[in-house]
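What follows is the content of protein17.txt (compact mmCIF, C-alpha atoms and all ligand atoms).
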```txt
# COMPACT_ATOMS: atom_id res chain seq x y z
CA MET B 1 -20.14 29.21 21.82
CA ARG B 2 -19.22 32.83 21.40
CA GLY B 3 -20.92 35.41 23.60
CA SER B 4 -23.20 36.61 20.85
CA ARG B 5 -24.35 33.06 20.22
CA LEU B 6 -25.08 32.63 23.93
CA THR B 7 -27.28 35.67 23.86
CA LEU B 8 -28.94 34.48 20.67
CA ALA B 9 -29.51 31.03 22.11
CA LEU B 10 -31.10 32.55 25.17
CA SER B 11 -33.28 34.77 23.02
CA ILE B 12 -34.41 31.73 21.09
CA LEU B 13 -35.17 29.84 24.29
CA SER B 14 -37.12 32.84 25.56
CA LEU B 15 -39.16 32.97 22.38
CA VAL B 16 -39.76 29.26 22.19
CA PHE B 17 -40.31 28.69 25.87
CA PRO B 18 -41.75 31.85 27.42
CA LEU B 19 -41.64 31.74 31.16
CA GLY B 20 -44.25 33.16 33.48
CA GLN B 21 -43.97 36.30 35.51
CA ALA B 22 -40.90 36.58 37.64
CA ALA B 23 -41.06 36.53 41.41
CA SER B 24 -38.73 39.32 42.36
CA ASP B 25 -37.38 40.73 45.57
CA SER B 26 -37.14 44.42 46.46
CA ALA B 27 -33.95 44.77 44.40
CA GLY B 28 -35.66 43.29 41.38
CA LEU B 29 -33.64 40.10 41.59
CA VAL B 30 -35.34 36.83 40.75
CA ARG B 31 -34.75 33.27 41.73
CA ARG B 32 -37.17 30.97 40.00
CA ALA B 33 -37.51 27.66 38.24
CA ASP B 34 -39.98 26.48 35.69
CA VAL B 35 -40.65 23.80 33.15
CA ILE B 36 -39.95 25.49 29.81
CA GLY B 37 -40.90 22.65 27.54
CA GLU B 38 -40.85 18.95 27.17
CA SER B 39 -38.85 16.43 25.23
CA VAL B 40 -40.13 14.36 22.34
CA ARG B 41 -40.93 11.62 24.85
CA GLY B 42 -42.62 13.99 27.27
CA ARG B 43 -39.83 14.50 29.77
CA PRO B 44 -39.85 17.98 31.34
CA ILE B 45 -37.13 20.45 30.40
CA ARG B 46 -36.47 22.78 33.29
CA ALA B 47 -34.83 26.18 33.53
CA ILE B 48 -33.69 28.21 36.48
CA GLU B 49 -33.38 31.98 36.29
CA LEU B 50 -31.26 33.77 38.88
CA GLY B 51 -30.36 37.41 38.98
CA ASP B 52 -31.51 40.63 37.43
CA PRO B 53 -33.91 40.18 34.50
CA ALA B 54 -33.55 43.88 33.70
CA SER B 55 -29.79 43.59 33.25
CA ALA B 56 -28.32 44.11 29.80
CA ARG B 57 -26.10 41.10 30.46
CA THR B 58 -27.57 37.63 30.23
CA VAL B 59 -25.69 34.38 30.64
CA LEU B 60 -27.06 31.02 29.55
CA VAL B 61 -25.62 27.82 30.97
CA VAL B 62 -26.73 24.51 29.48
CA GLY B 63 -25.54 21.52 31.48
CA CYS B 64 -26.31 18.87 28.87
CA ILE B 65 -27.28 19.10 25.21
CA HIS B 66 -25.57 15.95 23.94
CA GLY B 67 -27.12 13.12 25.95
CA ASN B 68 -23.85 11.24 26.29
CA GLU B 69 -21.86 14.28 27.46
CA CYS B 70 -23.68 15.39 30.57
CA ALA B 71 -21.07 16.04 33.24
CA GLY B 72 -22.31 19.64 33.13
CA ILE B 73 -25.59 18.69 34.82
CA ALA B 74 -23.84 18.43 38.18
CA VAL B 75 -22.08 21.73 37.56
CA SER B 76 -25.31 23.48 36.64
CA ARG B 77 -27.01 22.15 39.78
CA LEU B 78 -24.21 23.55 41.93
CA LEU B 79 -24.54 26.85 40.11
CA ALA B 80 -28.30 26.89 40.71
CA ARG B 81 -27.75 26.45 44.45
CA GLY B 82 -25.26 29.32 44.56
CA ALA B 83 -25.69 32.98 45.22
CA THR B 84 -28.10 35.05 43.16
CA PRO B 85 -26.15 37.23 40.75
CA THR B 86 -26.79 40.94 41.23
CA THR B 87 -25.22 42.33 38.04
CA PHE B 88 -26.55 39.99 35.36
CA ASP B 89 -29.34 37.56 34.57
CA LEU B 90 -28.33 33.91 34.76
CA TRP B 91 -30.34 31.22 33.04
CA ILE B 92 -29.51 27.62 33.74
CA VAL B 93 -30.90 24.70 31.75
CA PRO B 94 -29.44 21.63 33.46
CA ASN B 95 -30.55 19.19 30.78
CA LEU B 96 -31.78 20.28 27.37
CA ASN B 97 -31.83 16.68 26.13
CA PRO B 98 -33.42 14.41 28.74
CA ASP B 99 -34.35 11.76 26.15
CA GLY B 100 -30.80 11.50 24.83
CA TYR B 101 -29.58 11.38 28.41
CA ALA B 102 -31.96 8.52 29.22
CA LEU B 103 -30.96 6.70 26.03
CA ARG B 104 -27.27 7.53 26.57
CA VAL B 105 -26.97 8.87 23.05
CA ARG B 106 -25.77 12.19 21.68
CA GLN B 107 -28.99 12.99 19.81
CA ASN B 108 -32.55 13.42 21.00
CA ALA B 109 -35.18 10.68 20.66
CA ARG B 110 -35.66 11.60 16.99
CA GLY B 111 -31.96 11.25 16.21
CA VAL B 112 -31.42 15.02 15.97
CA ASP B 113 -28.24 16.69 17.23
CA LEU B 114 -29.88 19.52 19.19
CA ASN B 115 -26.67 21.55 19.07
CA ARG B 116 -27.06 21.66 15.26
CA ASN B 117 -30.79 22.44 15.47
CA PHE B 118 -30.65 26.10 16.53
CA PRO B 119 -31.83 28.65 13.92
CA SER B 120 -28.52 30.52 14.08
CA GLU B 121 -26.54 29.52 10.98
CA TRP B 122 -28.73 26.43 10.59
CA ARG B 123 -28.19 24.30 7.49
CA LEU B 124 -29.25 20.78 6.65
CA MET B 125 -26.55 18.37 7.75
CA GLY B 126 -26.53 14.57 7.70
CA GLU B 127 -29.34 12.14 8.30
CA ARG B 128 -31.24 10.94 11.34
CA TRP B 129 -28.89 9.49 14.00
CA ASP B 130 -25.78 10.87 12.29
CA PRO B 131 -23.63 12.49 15.00
CA GLN B 132 -24.32 15.97 13.61
CA TYR B 133 -27.78 15.55 12.07
CA SER B 134 -29.25 19.06 12.01
CA GLY B 135 -32.87 17.95 11.92
CA PRO B 136 -35.17 18.70 8.97
CA ARG B 137 -35.53 22.38 9.95
CA PRO B 138 -34.41 24.73 12.74
CA LEU B 139 -35.94 24.01 16.14
CA SER B 140 -37.44 20.72 15.00
CA GLY B 141 -35.95 19.07 18.07
CA PRO B 142 -37.50 20.73 21.09
CA LYS B 143 -41.21 20.76 21.61
CA PRO B 144 -42.32 24.04 23.17
CA GLY B 145 -44.28 23.33 26.30
CA SER B 146 -47.39 24.94 27.57
CA ARG B 147 -46.97 23.42 30.99
CA GLY B 148 -46.81 26.47 33.23
CA GLY B 149 -46.60 25.33 36.81
CA SER B 150 -44.19 27.97 37.99
CA SER B 151 -42.37 27.12 41.15
CA PHE B 152 -40.09 29.51 42.87
CA GLY B 153 -37.50 28.54 45.40
CA SER B 154 -33.86 28.15 46.17
CA SER B 155 -33.57 24.45 45.40
CA PRO B 156 -35.72 23.95 42.32
CA MET B 157 -34.20 20.65 41.28
ZN ZN N 1 -21.21 17.92 22.89
```

Go ahead and express the file in the form of structure tokens.
Ligand SMILES: [Zn+2]
Amino acid sequence: MRGSRLTLALSILSLVFPLGQAASDSAGLVRRADVIGESVRGRPIRAIELGDPASARTVLVVGCIHGNECAGIAVSRLLARGATPTTFDLWIVPNLNPDGYALRVRQNARGVDLNRNFPSEWRLMGERWDPQYSGPRPLSGPKPGSRGGSSFGSSPM
């Protein structure tokens, strides 16, 4: 993804899955984890935010969006255990597709390619369970969660 798409994707996640208030230190840096939604089958989708929420620079790292391509989960967990960035805001979503991961398929449990389901440049593509099925409309894949349960710590996963 290009940088602008990263920012857009983060903005979309923020709108769809608003997090609670940040726990911040004296420098305004945060280190927090929360459940930001749940999968079609009710599995929690977690996010970790590290860094400066007031920064103009935001970086989004998604460890797994295609359930059969999830080597990035381990990388995102290492990143989440690392130092808190001081010059940008880092959002980490280790697994955006826990159902696909459990099923060992690319798509989510509804057969939607979540990477083709973002509103940015969305268009109808394919049919359910096609490798690049866009879903019937943008953001049809994730189910915004209302499960708050904020937990803050250095090893959220
Ligand atoms: Zn992929």

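Residues of protein, DNA or RNA having any atom at most 9 Å from ligand ZN 1 (chain N), counting all atoms listed in the file, are Cys64, Ile65, His66, Gly67, Asn68, Glu69, Cys70, Arg106 and Asn115 of chain B.
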
Residues as selected, C-alpha atoms, written as a PDB file, in the frame of the given file, can you do that?
```pdb
ATOM      1  CA  CYS B  64     -26.310  18.870  28.870  1.00  0.00           C
ATOM      2  CA  ILE B  65     -27.280  19.100  25.210  1.00  0.00           C
ATOM      3  CA  HIS B  66     -25.570  15.950  23.940  1.00  0.00           C
ATOM      4  CA  GLY B  67     -27.120  13.120  25.950  1.00  0.00           C
ATOM      5  CA  ASN B  68     -23.850  11.240  26.290  1.00  0.00           C
ATOM      6  CA  GLU B  69     -21.860  14.280  27.460  1.00  0.00           C
ATOM      7  CA  CYS B  70     -23.680  15.390  30.570  1.00  0.00           C
ATOM      8  CA  ARG B 106     -25.770  12.190  21.680  1.00  0.00           C
ATOM      9  CA  ASN B 115     -26.670  21.550  19.070  1.00  0.00           C
TER      10      ASN B 115
END
```

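Distances to Arg81 in chain B were evaluated for B:Gly100, B:Leu124, B:Arg32, B:Arg137 using all atoms listed in the file, and the minimum falls at B:Arg32.
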
* Contacts of Leu79 in chain B at 12 Å (only C-alpha atoms; same-chain gap of 3+ positions) as JSON, numbers by chain -> {"B": [48, 49, 50, 60, 61, 62, 63, 72, 73, 74, 75, 76, 82, 83, 84, 85, 90, 91, 92, 93, 94, 154, 155, 156, 157]}

* Asked: For Ser39 in chain B, which residue among B:Gly111, B:Pro98, B:Pro136, B:Pro131 is the nearest when counting only C-alpha atoms?
  -> B:Pro98

* Nearest to Gly37 in chain B by atom-to-atom distance, counting only C-alpha atoms, from B:Pro138, B:Asn108, B:Leu96, B:Leu103 -> B:Leu96

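The smallest atom-to-atom distance between Asp52 in chain B and any of B:Ala109, B:Phe88, B:Pro119, B:Arg77, using all atoms listed in the file, is found for B:Phe88.
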
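Reported to one decimal place, the separation of CA of Ser134 in chain B from CA of Phe118 in chain B is 8.5 Å.
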
* Structure fact -> Residue with the minimum atom-to-atom distance to Asn95 in chain B, picked from B:Leu78, B:Ile45, B:Val30, B:Val59 with only C-alpha atoms counted, is B:Ile45

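The coordinates place CA of Val112 in chain B at 15.9 Å from CA of Gly42 in chain B.
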
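For the pair CA of Tyr133 in chain B and CA of Val35 in chain B, the separation is 26.0 Å.
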
* Near Thr86 in chain B, counting all atoms listed in the file, which residues have an atom at most 12 Å away, once you skip same-chain residues fewer than 5 positions from it, shown as a PyMOL selection string? -> chain B and resi 25+27-31+50-58

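Residue nearest Asp99 in chain B, chosen from B:Arg123, B:Ala71, B:Thr87, B:Asp113 and counting all atoms listed in the file: B:Asp113.
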